[in-house]
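Printed here is query_38.cif (mmCIF, C-alpha atoms and all ligand atoms):
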```
data_final
#
loop_
_atom_site.label_atom_id
_atom_site.label_comp_id
_atom_site.auth_asym_id
_atom_site.auth_seq_id
_atom_site.Cartn_x
_atom_site.Cartn_y
_atom_site.Cartn_z
CA MET R 23 106.20 130.86 77.28
CA THR R 24 103.53 130.63 74.62
CA ASP R 25 100.57 128.30 74.43
CA SER R 26 102.17 126.40 71.56
CA ALA R 27 105.32 125.70 73.59
CA ARG R 28 105.84 122.11 74.62
CA ILE R 29 104.09 121.29 77.88
CA ALA R 30 106.23 119.38 80.38
CA LEU R 31 105.09 117.42 83.43
CA PHE R 32 108.01 119.08 85.29
CA ASP R 33 110.19 121.78 83.76
CA ILE R 34 113.57 122.28 85.37
CA GLN R 35 115.19 123.81 82.27
CA ALA R 36 113.02 126.96 82.20
CA GLN R 37 114.24 127.76 85.70
CA GLN R 38 117.88 127.12 84.79
CA ALA R 39 117.76 129.73 82.04
CA LEU R 40 116.84 132.38 84.65
CA ILE R 41 119.74 131.63 87.01
CA ARG R 42 122.40 130.17 84.72
CA ALA R 43 124.96 132.93 85.36
CA ASP R 44 124.56 132.62 89.13
CA LEU R 45 124.77 128.81 88.93
CA ASP R 46 127.97 129.00 86.89
CA ARG R 47 129.47 131.50 89.31
CA ARG R 48 128.60 129.46 92.42
CA ILE R 49 129.78 126.14 90.94
CA ALA R 50 133.01 127.82 89.80
CA ALA R 51 133.52 129.10 93.35
CA VAL R 52 133.38 125.51 94.65
CA LEU R 53 135.86 124.38 91.98
CA ASP R 54 138.15 127.19 93.09
CA HIS R 55 138.06 126.58 96.85
CA GLY R 56 137.98 122.78 96.42
CA ARG R 57 136.11 121.94 99.64
CA TYR R 58 133.82 119.44 97.97
CA ILE R 59 132.81 117.87 101.29
CA ASN R 60 131.45 120.11 104.08
CA GLY R 61 132.34 123.27 102.16
CA PRO R 62 131.07 126.68 103.27
CA GLU R 63 128.06 126.48 100.90
CA VAL R 64 126.60 123.63 102.98
CA GLU R 65 126.52 125.72 106.14
CA GLU R 66 125.25 128.76 104.26
CA LEU R 67 122.41 126.73 102.80
CA GLU R 68 121.53 125.22 106.18
CA GLY R 69 121.31 128.72 107.64
CA ARG R 70 119.11 129.95 104.80
CA LEU R 71 116.70 127.02 105.03
CA ALA R 72 116.48 127.27 108.83
CA ALA R 73 115.70 131.00 108.49
CA PHE R 74 113.08 130.26 105.83
CA CYS R 75 111.24 128.07 108.35
CA GLY R 76 111.82 130.33 111.37
CA GLN R 77 110.37 129.04 114.68
CA GLY R 78 113.82 128.10 115.99
CA VAL R 79 114.26 125.40 113.35
CA HIS R 80 117.71 123.88 112.79
CA CYS R 81 118.67 122.47 109.39
CA VAL R 82 121.13 119.65 108.65
CA GLY R 83 121.96 118.95 105.00
CA VAL R 84 122.08 115.26 104.06
CA SER R 85 122.61 113.13 100.97
CA SER R 86 118.94 112.49 100.00
CA GLY R 87 115.39 112.48 101.29
CA THR R 88 115.67 108.75 101.90
CA ASP R 89 118.81 109.24 103.99
CA ALA R 90 117.08 112.05 105.90
CA LEU R 91 114.34 109.61 106.91
CA GLN R 92 116.93 107.00 107.83
CA ILE R 93 119.07 109.35 109.93
CA ALA R 94 115.95 110.61 111.78
CA MET R 95 114.95 107.04 112.64
CA MET R 96 118.51 105.99 113.57
CA ALA R 97 118.64 108.93 115.98
CA GLU R 98 115.57 107.55 117.77
CA GLY R 99 117.15 104.09 117.90
CA ILE R 100 114.46 102.54 115.71
CA GLY R 101 115.10 98.87 114.98
CA PRO R 102 113.79 95.31 115.41
CA GLY R 103 110.55 95.10 117.36
CA ASP R 104 109.52 98.67 116.52
CA ALA R 105 106.39 99.55 114.55
CA VAL R 106 106.58 102.53 112.17
CA PHE R 107 103.17 103.73 110.97
CA LEU R 108 103.06 105.26 107.49
CA PRO R 109 100.58 105.73 104.64
CA ALA R 110 100.13 102.90 102.14
CA PHE R 111 99.76 105.49 99.38
CA THR R 112 103.18 107.17 99.09
CA TYR R 113 106.60 106.82 97.48
CA THR R 114 108.51 103.62 98.24
CA ALA R 115 111.26 105.35 100.26
CA THR R 116 108.88 106.03 103.16
CA ALA R 117 108.41 102.28 103.72
CA GLU R 118 111.90 101.16 102.79
CA VAL R 119 113.68 102.93 105.63
CA PRO R 120 112.07 101.12 108.60
CA LEU R 121 112.75 97.80 106.87
CA VAL R 122 116.41 98.69 106.28
CA LEU R 123 116.67 99.36 110.03
CA GLY R 124 115.00 96.06 110.93
CA ALA R 125 111.78 97.73 112.08
CA THR R 126 108.29 96.91 110.81
CA PRO R 127 106.30 99.28 108.61
CA VAL R 128 102.58 99.33 109.45
CA PHE R 129 100.62 100.61 106.47
CA VAL R 130 97.78 103.03 107.22
CA ASP R 131 95.01 104.03 104.84
CA VAL R 132 94.65 107.57 103.49
CA GLU R 133 91.74 109.97 103.00
CA GLU R 134 90.12 110.07 99.59
CA THR R 135 90.25 113.85 99.16
CA SER R 136 93.47 114.91 100.90
CA PHE R 137 95.41 111.73 99.94
CA ASN R 138 97.02 112.02 103.39
CA LEU R 139 96.89 109.82 106.51
CA ASP R 140 93.44 108.77 107.69
CA LEU R 141 93.79 109.41 111.42
CA ALA R 142 90.93 107.16 112.53
CA ASP R 143 92.62 104.31 110.66
CA LEU R 144 95.97 105.25 112.23
CA GLU R 145 94.49 105.07 115.74
CA ARG R 146 92.85 101.75 114.97
CA ARG R 147 96.13 100.21 113.83
CA VAL R 148 98.08 101.61 116.80
CA ALA R 149 95.47 100.00 119.09
CA LEU R 150 95.77 96.67 117.27
CA ILE R 151 99.57 96.69 117.57
CA ARG R 152 99.32 97.53 121.28
CA ALA R 153 96.73 94.82 121.89
CA GLU R 154 98.89 92.17 120.23
CA GLY R 155 101.92 93.29 122.24
CA ARG R 156 104.55 91.96 119.82
CA LEU R 157 105.73 95.30 118.41
CA ARG R 158 106.27 98.66 120.11
CA PRO R 159 104.51 101.61 118.42
CA ARG R 160 107.40 104.09 117.99
CA VAL R 161 107.02 106.39 114.96
CA VAL R 162 104.31 107.93 112.80
CA VAL R 163 105.59 109.09 109.41
CA GLY R 164 103.17 111.64 108.02
CA VAL R 165 103.65 112.32 104.31
CA ASP R 166 102.51 115.67 102.85
CA LEU R 167 101.56 114.05 99.58
CA PHE R 168 101.90 116.15 96.42
CA GLY R 169 102.67 119.16 98.65
CA LEU R 170 99.57 119.21 100.86
CA PRO R 171 100.37 119.26 104.59
CA ALA R 172 99.06 116.29 106.53
CA ASP R 173 96.94 117.12 109.59
CA TRP R 174 99.95 117.83 111.84
CA PRO R 175 98.11 119.14 114.93
CA ALA R 176 96.09 115.90 115.06
CA ILE R 177 99.10 113.65 114.27
CA LEU R 178 101.07 115.36 117.06
CA ASP R 179 98.18 114.81 119.50
CA ILE R 180 98.18 111.10 118.73
CA CYS R 181 101.98 110.87 118.96
CA ARG R 182 102.05 112.66 122.34
CA ARG R 183 99.28 110.48 123.73
CA GLU R 184 100.93 107.27 122.50
CA GLY R 185 104.54 108.23 123.22
CA MET R 186 105.51 108.08 119.54
CA PHE R 187 107.92 110.15 117.44
CA ALA R 188 106.31 112.35 114.75
CA LEU R 189 108.38 112.30 111.56
CA ASP R 190 107.32 114.46 108.63
CA ASP R 191 108.21 113.12 105.18
CA ALA R 192 107.96 116.52 103.46
CA ALA R 193 109.96 115.37 100.43
CA GLN R 194 107.21 116.68 98.11
CA ALA R 195 106.19 119.66 100.20
CA PHE R 196 109.03 122.03 101.05
CA GLY R 197 107.47 125.49 101.22
CA ALA R 198 104.07 124.29 102.43
CA ALA R 199 102.57 125.71 105.62
CA LEU R 200 99.81 125.04 108.11
CA ASP R 201 98.18 127.80 110.15
CA GLY R 202 100.94 130.21 109.14
CA VAL R 203 103.75 127.87 110.26
CA ARG R 204 105.93 126.20 107.63
CA LEU R 205 106.51 122.47 107.52
CA GLY R 206 109.79 121.90 109.31
CA ALA R 207 108.50 123.47 112.52
CA TRP R 208 105.56 121.08 113.05
CA ALA R 209 106.84 117.54 113.48
CA ASP R 210 109.63 116.33 115.81
CA ALA R 211 111.75 116.05 112.65
CA THR R 212 111.06 116.84 109.01
CA ALA R 213 112.77 115.18 106.04
CA LEU R 214 113.28 117.13 102.80
CA SER R 215 114.40 115.83 99.41
CA PHE R 216 116.22 117.95 96.85
CA TYR R 217 115.74 115.41 94.04
CA PRO R 218 115.73 117.52 90.84
CA THR R 219 111.94 117.61 90.34
CA LYS R 220 110.95 118.42 93.94
CA THR R 221 109.75 121.93 94.83
CA LEU R 222 113.37 122.82 95.69
CA GLY R 223 115.65 120.52 93.70
CA CYS R 224 119.39 120.29 93.09
CA TYR R 225 121.23 118.67 90.15
CA GLY R 226 121.69 115.26 91.70
CA ASP R 227 120.66 113.76 95.02
CA GLY R 228 120.34 115.82 98.16
CA GLY R 229 118.16 116.30 101.21
CA ALA R 230 117.92 117.89 104.64
CA LEU R 231 116.56 117.35 108.12
CA LEU R 232 114.73 120.11 109.95
CA THR R 233 114.05 120.04 113.69
CA ARG R 234 113.42 122.48 116.51
CA SER R 235 115.58 120.38 118.84
CA ALA R 236 119.22 121.50 119.02
CA GLU R 237 120.16 118.11 120.52
CA ARG R 238 118.61 116.23 117.62
CA ALA R 239 120.29 118.50 115.05
CA GLU R 240 123.63 117.71 116.72
CA LEU R 241 122.88 113.99 116.59
CA TYR R 242 121.94 114.23 112.89
CA ARG R 243 125.27 115.95 112.13
CA SER R 244 127.10 113.12 113.86
CA LEU R 245 125.07 110.39 112.14
CA ARG R 246 125.56 111.85 108.66
CA THR R 247 129.35 111.60 109.21
CA HIS R 248 129.79 108.01 110.43
CA GLY R 249 128.68 108.82 113.97
CA GLU R 250 131.70 111.04 114.61
CA GLY R 251 132.22 112.85 117.90
CA THR R 252 133.79 116.24 118.55
CA THR R 253 136.96 115.17 116.79
CA ARG R 254 137.04 113.49 113.45
CA TYR R 255 138.69 110.34 114.79
CA GLU R 256 136.23 109.66 117.59
CA VAL R 257 133.34 107.38 116.62
CA LEU R 258 130.48 107.66 119.12
CA ARG R 259 127.77 105.67 117.37
CA THR R 260 127.05 103.72 114.21
CA GLY R 261 126.28 106.27 111.53
CA MET R 262 126.45 106.47 107.79
CA ASN R 263 127.99 108.46 104.95
CA GLY R 264 125.05 110.80 104.48
CA ARG R 265 126.37 114.29 103.77
CA LEU R 266 125.09 116.86 101.27
CA ASP R 267 127.69 117.61 98.56
CA THR R 268 129.07 121.15 98.51
CA ILE R 269 128.31 121.49 94.77
CA GLN R 270 124.67 120.58 95.36
CA ALA R 271 124.46 123.15 98.18
CA ALA R 272 125.86 125.73 95.73
CA VAL R 273 123.17 124.81 93.18
CA LEU R 274 120.47 125.12 95.83
CA LEU R 275 121.73 128.53 96.94
CA ALA R 276 121.40 129.78 93.36
CA LYS R 277 117.89 128.36 93.16
CA LEU R 278 116.76 129.82 96.48
CA ARG R 279 116.64 133.25 94.87
CA LEU R 280 113.65 132.08 92.82
CA PHE R 281 112.06 129.83 95.40
CA GLU R 282 109.46 132.17 96.93
CA ASP R 283 108.32 133.35 93.49
CA GLU R 284 108.13 129.75 92.29
CA LEU R 285 106.05 128.76 95.30
CA ALA R 286 103.67 131.64 94.59
CA ALA R 287 103.45 130.53 90.94
CA ARG R 288 102.74 126.94 91.99
CA GLY R 289 99.99 128.22 94.29
CA ARG R 290 98.48 130.34 91.54
CA ILE R 291 98.59 127.47 89.01
CA GLY R 292 97.08 125.06 91.55
CA ALA R 293 94.24 127.48 92.26
CA LEU R 294 93.65 127.93 88.51
CA TYR R 295 93.44 124.15 88.01
CA ASP R 296 91.03 123.92 90.98
CA SER R 297 88.75 126.61 89.59
CA LEU R 298 88.77 125.26 86.01
CA LEU R 299 87.92 121.74 87.22
CA LYS R 300 85.32 122.86 89.76
CA GLU R 301 82.14 121.90 87.92
CA SER R 302 83.69 119.00 85.97
CA GLY R 303 83.03 116.13 88.38
CA ILE R 304 86.77 115.43 88.42
CA GLY R 305 88.08 115.03 91.98
CA VAL R 306 90.81 117.44 93.11
CA GLN R 307 93.05 117.26 96.16
CA ALA R 308 91.56 119.21 99.05
CA ALA R 309 92.76 119.98 102.56
CA ARG R 310 90.58 119.32 105.58
CA SER R 311 91.83 122.52 107.18
CA ALA R 312 91.48 126.00 105.69
CA GLY R 313 94.87 126.87 107.17
CA ALA R 314 96.79 124.51 104.87
CA VAL R 315 98.98 125.98 102.11
CA ASN R 316 99.76 123.34 99.48
CA ALA R 317 103.29 123.63 98.03
CA ARG R 318 101.96 121.95 94.86
CA GLY R 319 104.77 119.53 94.21
CA LEU R 320 102.36 117.68 91.92
CA TYR R 321 98.80 118.37 90.78
CA THR R 322 96.90 115.12 90.99
CA VAL R 323 93.25 114.47 90.15
CA ARG R 324 90.95 111.53 90.87
CA LEU R 325 89.03 109.99 87.99
CA ARG R 326 86.13 107.56 88.17
CA ASP R 327 88.01 104.30 87.72
CA ARG R 328 91.06 102.73 86.08
CA ALA R 329 89.39 102.55 82.65
CA GLU R 330 88.62 106.27 82.65
CA ARG R 331 92.07 107.15 84.02
CA ASP R 332 93.87 105.17 81.33
CA ARG R 333 91.61 106.52 78.57
CA VAL R 334 92.15 110.13 79.73
CA ALA R 335 95.94 109.66 79.99
CA ALA R 336 96.06 108.33 76.42
CA ALA R 337 93.86 111.17 75.10
CA LEU R 338 96.05 113.80 76.77
CA LYS R 339 99.21 112.14 75.46
CA ALA R 340 97.80 112.30 71.93
CA GLN R 341 97.44 116.07 72.45
CA GLY R 342 101.05 116.41 73.57
CA ILE R 343 100.13 116.70 77.26
CA PRO R 344 102.25 114.43 79.48
CA THR R 345 100.79 112.94 82.66
CA GLY R 346 102.12 110.68 85.40
CA ILE R 347 100.69 108.10 87.77
CA TYR R 348 101.80 108.67 91.35
CA TYR R 349 101.33 105.89 92.47
CA PRO R 350 100.07 102.96 90.42
CA ARG R 351 100.36 100.48 93.31
CA PRO R 352 99.83 100.95 97.05
CA LEU R 353 102.90 99.91 99.01
CA HIS R 354 101.33 96.95 100.82
CA ARG R 355 100.84 95.40 97.35
CA GLN R 356 104.51 95.74 96.41
CA PRO R 357 106.33 92.40 96.37
CA ALA R 358 109.08 93.82 98.61
CA TYR R 359 106.63 94.89 101.34
CA ALA R 360 103.80 92.35 101.12
CA GLU R 361 105.39 90.01 103.66
CA ALA R 362 105.95 92.80 106.20
CA HIS R 363 102.34 93.87 105.73
CA ARG R 364 101.03 90.34 106.19
CA THR R 365 102.95 89.72 109.41
CA ALA R 366 102.86 93.15 111.13
CA ILE R 367 99.41 92.52 112.59
CA ALA R 368 99.25 88.79 113.34
CA GLY R 369 95.47 88.77 113.61
CA GLY R 370 95.26 90.15 110.07
CA ALA R 371 95.62 93.77 108.99
CA PRO R 372 92.39 95.63 108.22
CA PRO R 373 92.01 96.38 104.49
CA LEU R 374 93.32 99.58 102.86
CA PRO R 375 90.48 100.32 100.45
CA VAL R 376 91.16 104.02 99.78
CA SER R 377 94.85 103.47 98.98
CA GLU R 378 93.88 100.65 96.63
CA ALA R 379 91.20 102.70 94.88
CA LEU R 380 93.42 105.78 94.51
CA ALA R 381 96.15 103.74 92.83
CA GLU R 382 93.62 102.95 90.10
CA ARG R 383 92.11 106.41 89.83
CA VAL R 384 94.81 109.07 90.22
CA LEU R 385 96.41 111.02 87.40
CA SER R 386 99.03 113.75 87.84
CA LEU R 387 98.91 116.71 85.46
CA PRO R 388 101.76 119.02 84.41
CA MET R 389 102.83 121.14 87.41
CA HIS R 390 105.78 123.53 87.51
CA PRO R 391 106.12 127.27 88.12
CA TYR R 392 106.60 128.13 84.44
CA LEU R 393 103.26 126.87 83.08
CA SER R 394 101.25 129.65 81.45
CA THR R 395 97.58 130.33 82.14
CA ALA R 396 96.82 129.39 78.52
CA GLN R 397 98.58 126.06 78.94
CA VAL R 398 96.62 125.23 82.10
CA GLU R 399 93.39 126.21 80.33
CA ARG R 400 94.27 123.94 77.42
CA ILE R 401 95.14 121.02 79.72
CA CYS R 402 91.84 121.39 81.61
CA ALA R 403 89.77 121.69 78.42
CA MET R 404 91.37 118.52 77.02
CA LEU R 405 90.99 116.70 80.34
CA ILE R 406 87.31 117.57 80.67
CA ALA R 407 86.65 116.64 77.03
CA ALA R 408 88.43 113.29 77.53
CA THR R 409 86.26 112.42 80.55
CA ARG R 410 83.16 113.05 78.45
CA GLY R 411 84.50 111.23 75.36
C1 LIG C 501 111.14 111.83 96.73
C2 LIG C 501 110.58 111.24 97.96
C3 LIG C 501 111.38 110.61 98.93
C4 LIG C 501 112.83 110.29 98.71
O1 LIG C 501 113.65 111.35 98.41
P1 LIG C 501 115.05 111.06 97.68
O2 LIG C 501 115.76 112.37 97.78
O3 LIG C 501 114.76 110.66 96.28
O4 LIG C 501 115.75 109.99 98.44
C5 LIG C 501 110.79 110.17 100.10
N1 LIG C 501 109.47 110.31 100.30
C6 LIG C 501 108.66 110.89 99.39
C7 LIG C 501 107.22 111.04 99.72
C8 LIG C 501 109.18 111.35 98.18
O5 LIG C 501 108.37 111.90 97.28
#
```
Let me see whether you can do it: turn the structure in this file into structure tokens.
Ligand SMILES: *Cc1c(COP(=O)(O)O)cnc(C)c1O
Amino acid sequence: MTDSARIALFDIQAQQALIRADLDRRIAAVLDHGRYINGPEVEELEGRLAAFCGQGVHCVGVSSGTDALQIAMMAEGIGPGDAVFLPAFTYTATAEVPLVLGATPVFVDVEETSFNLDLADLERRVALIRAEGRLRPRVVVGVDLFGLPADWPAILDICRREGMFALDDAAQAFGAALDGVRLGAWADATALSFYPTKTLGCYGDGGALLTRSAERAELYRSLRTHGEGTTRYEVLRTGMNGRLDTIQAAVLLAKLRLFEDELAARGRIGALYDSLLKESGIGVQAARSAGAVNARGLYTVRLRDRAERDRVAAALKAQGIPTGIYYPRPLHRQPAYAEAHRTAIAGGAPPLPVSEALAERVLSLPMHPYLSTAQVERICAMLIAATRG
């Protein structure tokens, strides 16, 4: 790709050109065998993803990242009276699922540099919920925002101490690792999304659950198929229709061939952005731990304030450089969740100042494995010039 080529925020067409013949062959194979539901590609994919994670991880394909979160919480019996702690600065699906199940989301603030859960704030809110005694603290959902692993060793410590379930929303972070161990092996369960623009994406909706517990994997398989038992006509529990389509599994198998190279490219591009922005005064996402490998689902910077962010976005757009705002509003400010936020902690929830500030200041830059060095250099030069303009 040349410097003059169009720069995309995500580019899923460049990848398709590399694997088109394999995609056509694998999709044709599904058309030929006709097992559109639970076809052999689903099991093959599950095996490949489990092996990618290692550490005795099991993989269960499901219909989306959102459904992965829902199935994981249904398996723990989460419902009315249960508190589910999650960051206020994330995608809406993370908060939607506890509400769908009748549970209460408790929004937690995030750190300014990692954009991930602020653990002191998490502990404070768990203590408040316990002191009030109306809700049971049951789940912490850690989100690996933009691909950067949350602080899983510390989240697991808190969950073990408090008797809570640790659920990893790794929808943006498949491929990321911490201390040499991939996400999928850290939390009690890990939800993946294969939405087309995620680090591993299909051509529609898809997702998966990863867990080291064979019992949980079994439960997830039952829940994704209406709670079925060992025979198809035995219903053991209330489940849902949450399977991964065979055609999407076939697409993912074709894409897996490129996945490790794409992850390496994302890492290289992320490091190039970091180094080009180093002396600029522009804030970049940074891990607290040196052992964190960011899967670089998105590359997001922090500008001074909303005025600068909006000015920079317009200047880049004028240069043909697309940007995105993930996320323009923290979840506790969304009309759908404001009531839950107001009532979760009866004595009044502490403020969420970092989530609120980030919503005004963040800007996501083009990030995909097929960006050239020259393109990243051009984006950074324009970005730096715009902040000085
Ligand atoms: C994309 C995403 C989801 C939802 O995944 P879907 O496959 O679109 O349902 C959940 N959480 C986060 C953080 C996401 O980015």
* **Contacts of Glu133 (chain R) within 10 Å, only C-alpha atoms, excl. fewer than 5 positions in-chain, as a ChimeraX atom specification** => /R:109,111,138-143,310,376-377,380
* **Residues within 10 Å of (93.6, 111.9, 95.4), counting all atoms listed in the file, listed as a count of residues only** => 29
* Smallest atom-to-atom distance to Leu40 (chain R): which of R:Arg265, R:Arg28, R:Arg146, R:Lys277, using all atoms listed in the file? ->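 Of R:Arg265, R:Arg28, R:Arg146, R:Lys277, the one nearest Leu40 (chain R) is R:Lys277, counting all atoms listed in the file.
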* Asked: So how many Å separate CA of Leu393 (chain R) and atom P1 of ligand LIG 501 (chain C), to one decimal?
  ->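 Separation between CA of Leu393 (chain R) and atom P1 of ligand LIG 501 (chain C): 24.5 Å.
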* To do: Find the residues around Val161 (chain R) up to 7 Å (all atoms listed in the file counted), leave out those fewer than 5 positions away in its own chain, and share them as a PyMOL selection string.
  => chain R and resi 105-107+186-189
Selected residues, C-alpha atoms, written as a PDB file, in the frame of the given file, please.
```pdb
ATOM      1  CA  ALA R 105     106.390  99.550 114.550  1.00  0.00           C
ATOM      2  CA  VAL R 106     106.580 102.530 112.170  1.00  0.00           C
ATOM      3  CA  PHE R 107     103.170 103.730 110.970  1.00  0.00           C
ATOM      4  CA  MET R 186     105.510 108.080 119.540  1.00  0.00           C
ATOM      5  CA  PHE R 187     107.920 110.150 117.440  1.00  0.00           C
ATOM      6  CA  ALA R 188     106.310 112.350 114.750  1.00  0.00           C
ATOM      7  CA  LEU R 189     108.380 112.300 111.560  1.00  0.00           C
TER       8      LEU R 189
END
```
* Counting only C-alpha atoms, what is within 9 Å of Gln37 (chain R), bar same-chain residues fewer than 3 positions away, as a ChimeraX atom specification? -> /R:33-34,40-42,277,280,391-392
Quick one: what's the axis-aligned box for ligand LIG 501 (chain C), all listed atoms, 8 Å on every side, centre and edges in Å to one decimal, as lines of an AutoDock Vina configuration file?
```
center_x = 111.5
center_y = 111.2
center_z = 98.3
size_x = 24.5
size_y = 18.4
size_z = 20.0
```
* To do: Can you work out which one of R:Leu31, R:Ala408, R:Leu245, R:Ala50 has the shortest atom-to-atom distance to Gly83 (chain R), counting only C-alpha atoms?
  => R:Leu245
Could I get the residue neighbourhood of ligand LIG 501 (chain C) at 7 Å, counting all atoms listed in the file, as a compact mmCIF listing (two decimals) with C-alpha atoms, in the frame of the given file?
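Result went into result_0.txt, see below:
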```txt
# COMPACT_ATOMS: atom_id res chain seq x y z
CA SER R 86 118.94 112.49 100.00
CA GLY R 87 115.39 112.48 101.29
CA THR R 88 115.67 108.75 101.90
CA ASP R 89 118.81 109.24 103.99
CA THR R 112 103.18 107.17 99.09
CA TYR R 113 106.60 106.82 97.48
CA ALA R 115 111.26 105.35 100.26
CA THR R 116 108.88 106.03 103.16
CA VAL R 165 103.65 112.32 104.31
CA LEU R 167 101.56 114.05 99.58
CA ASP R 191 108.21 113.12 105.18
CA ALA R 192 107.96 116.52 103.46
CA ALA R 193 109.96 115.37 100.43
CA GLN R 194 107.21 116.68 98.11
CA SER R 215 114.40 115.83 99.41
CA PHE R 216 116.22 117.95 96.85
CA TYR R 217 115.74 115.41 94.04
CA ASP R 227 120.66 113.76 95.02
CA GLY R 228 120.34 115.82 98.16
CA GLY R 229 118.16 116.30 101.21
```
Since the input lacks atoms, please generate N, CA, C and O atoms for region 45-57 of chain R and provide them as a PDB file, in the frame of the given file.
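Ended up saving to out_21.pdb:
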```
ATOM      1  N   LEU R  45     124.373 130.213  88.761  1.00  0.00           N
ATOM      2  CA  LEU R  45     124.770 128.810  88.930  1.00  0.00           C
ATOM      3  C   LEU R  45     126.237 128.620  88.536  1.00  0.00           C
ATOM      4  O   LEU R  45     127.016 128.000  89.270  1.00  0.00           O
ATOM      5  N   ASP R  46     126.582 129.147  87.374  1.00  0.00           N
ATOM      6  CA  ASP R  46     127.970 129.000  86.890  1.00  0.00           C
ATOM      7  C   ASP R  46     128.955 129.610  87.880  1.00  0.00           C
ATOM      8  O   ASP R  46     129.989 129.026  88.186  1.00  0.00           O
ATOM      9  N   ARG R  47     128.581 130.787  88.386  1.00  0.00           N
ATOM     10  CA  ARG R  47     129.470 131.500  89.310  1.00  0.00           C
ATOM     11  C   ARG R  47     129.635 130.700  90.614  1.00  0.00           C
ATOM     12  O   ARG R  47     130.744 130.528  91.114  1.00  0.00           O
ATOM     13  N   ARG R  48     128.524 130.182  91.138  1.00  0.00           N
ATOM     14  CA  ARG R  48     128.600 129.460  92.420  1.00  0.00           C
ATOM     15  C   ARG R  48     129.308 128.110  92.272  1.00  0.00           C
ATOM     16  O   ARG R  48     130.049 127.699  93.169  1.00  0.00           O
ATOM     17  N   ILE R  49     129.082 127.425  91.149  1.00  0.00           N
ATOM     18  CA  ILE R  49     129.780 126.140  90.940  1.00  0.00           C
ATOM     19  C   ILE R  49     131.272 126.404  90.747  1.00  0.00           C
ATOM     20  O   ILE R  49     132.127 125.689  91.300  1.00  0.00           O
ATOM     21  N   ALA R  50     131.594 127.471  90.003  1.00  0.00           N
ATOM     22  CA  ALA R  50     133.010 127.820  89.800  1.00  0.00           C
ATOM     23  C   ALA R  50     133.686 128.131  91.135  1.00  0.00           C
ATOM     24  O   ALA R  50     134.848 127.765  91.358  1.00  0.00           O
ATOM     25  N   ALA R  51     132.938 128.771  92.035  1.00  0.00           N
ATOM     26  CA  ALA R  51     133.520 129.100  93.350  1.00  0.00           C
ATOM     27  C   ALA R  51     133.888 127.821  94.105  1.00  0.00           C
ATOM     28  O   ALA R  51     134.933 127.763  94.767  1.00  0.00           O
ATOM     29  N   VAL R  52     133.061 126.790  93.978  1.00  0.00           N
ATOM     30  CA  VAL R  52     133.380 125.510  94.650  1.00  0.00           C
ATOM     31  C   VAL R  52     134.614 124.877  93.994  1.00  0.00           C
ATOM     32  O   VAL R  52     135.517 124.387  94.683  1.00  0.00           O
ATOM     33  N   LEU R  53     134.684 124.935  92.663  1.00  0.00           N
ATOM     34  CA  LEU R  53     135.860 124.380  91.980  1.00  0.00           C
ATOM     35  C   LEU R  53     137.128 125.113  92.431  1.00  0.00           C
ATOM     36  O   LEU R  53     138.187 124.500  92.587  1.00  0.00           O
ATOM     37  N   ASP R  54     136.981 126.409  92.674  1.00  0.00           N
ATOM     38  CA  ASP R  54     138.150 127.190  93.090  1.00  0.00           C
ATOM     39  C   ASP R  54     138.577 126.871  94.516  1.00  0.00           C
ATOM     40  O   ASP R  54     139.759 126.688  94.781  1.00  0.00           O
ATOM     41  N   HIS R  55     137.621 126.815  95.459  1.00  0.00           N
ATOM     42  CA  HIS R  55     138.060 126.580  96.850  1.00  0.00           C
ATOM     43  C   HIS R  55     138.317 125.089  97.132  1.00  0.00           C
ATOM     44  O   HIS R  55     139.068 124.743  98.027  1.00  0.00           O
ATOM     45  N   GLY R  56     137.648 124.211  96.354  1.00  0.00           N
ATOM     46  CA  GLY R  56     137.980 122.780  96.420  1.00  0.00           C
ATOM     47  C   GLY R  56     137.473 122.039  97.642  1.00  0.00           C
ATOM     48  O   GLY R  56     137.819 120.876  97.842  1.00  0.00           O
ATOM     49  N   ARG R  57     136.631 122.658  98.451  1.00  0.00           N
ATOM     50  CA  ARG R  57     136.110 121.940  99.640  1.00  0.00           C
ATOM     51  C   ARG R  57     134.819 121.234  99.259  1.00  0.00           C
ATOM     52  O   ARG R  57     133.721 121.667  99.590  1.00  0.00           O
TER      53      ARG R  57
END
```
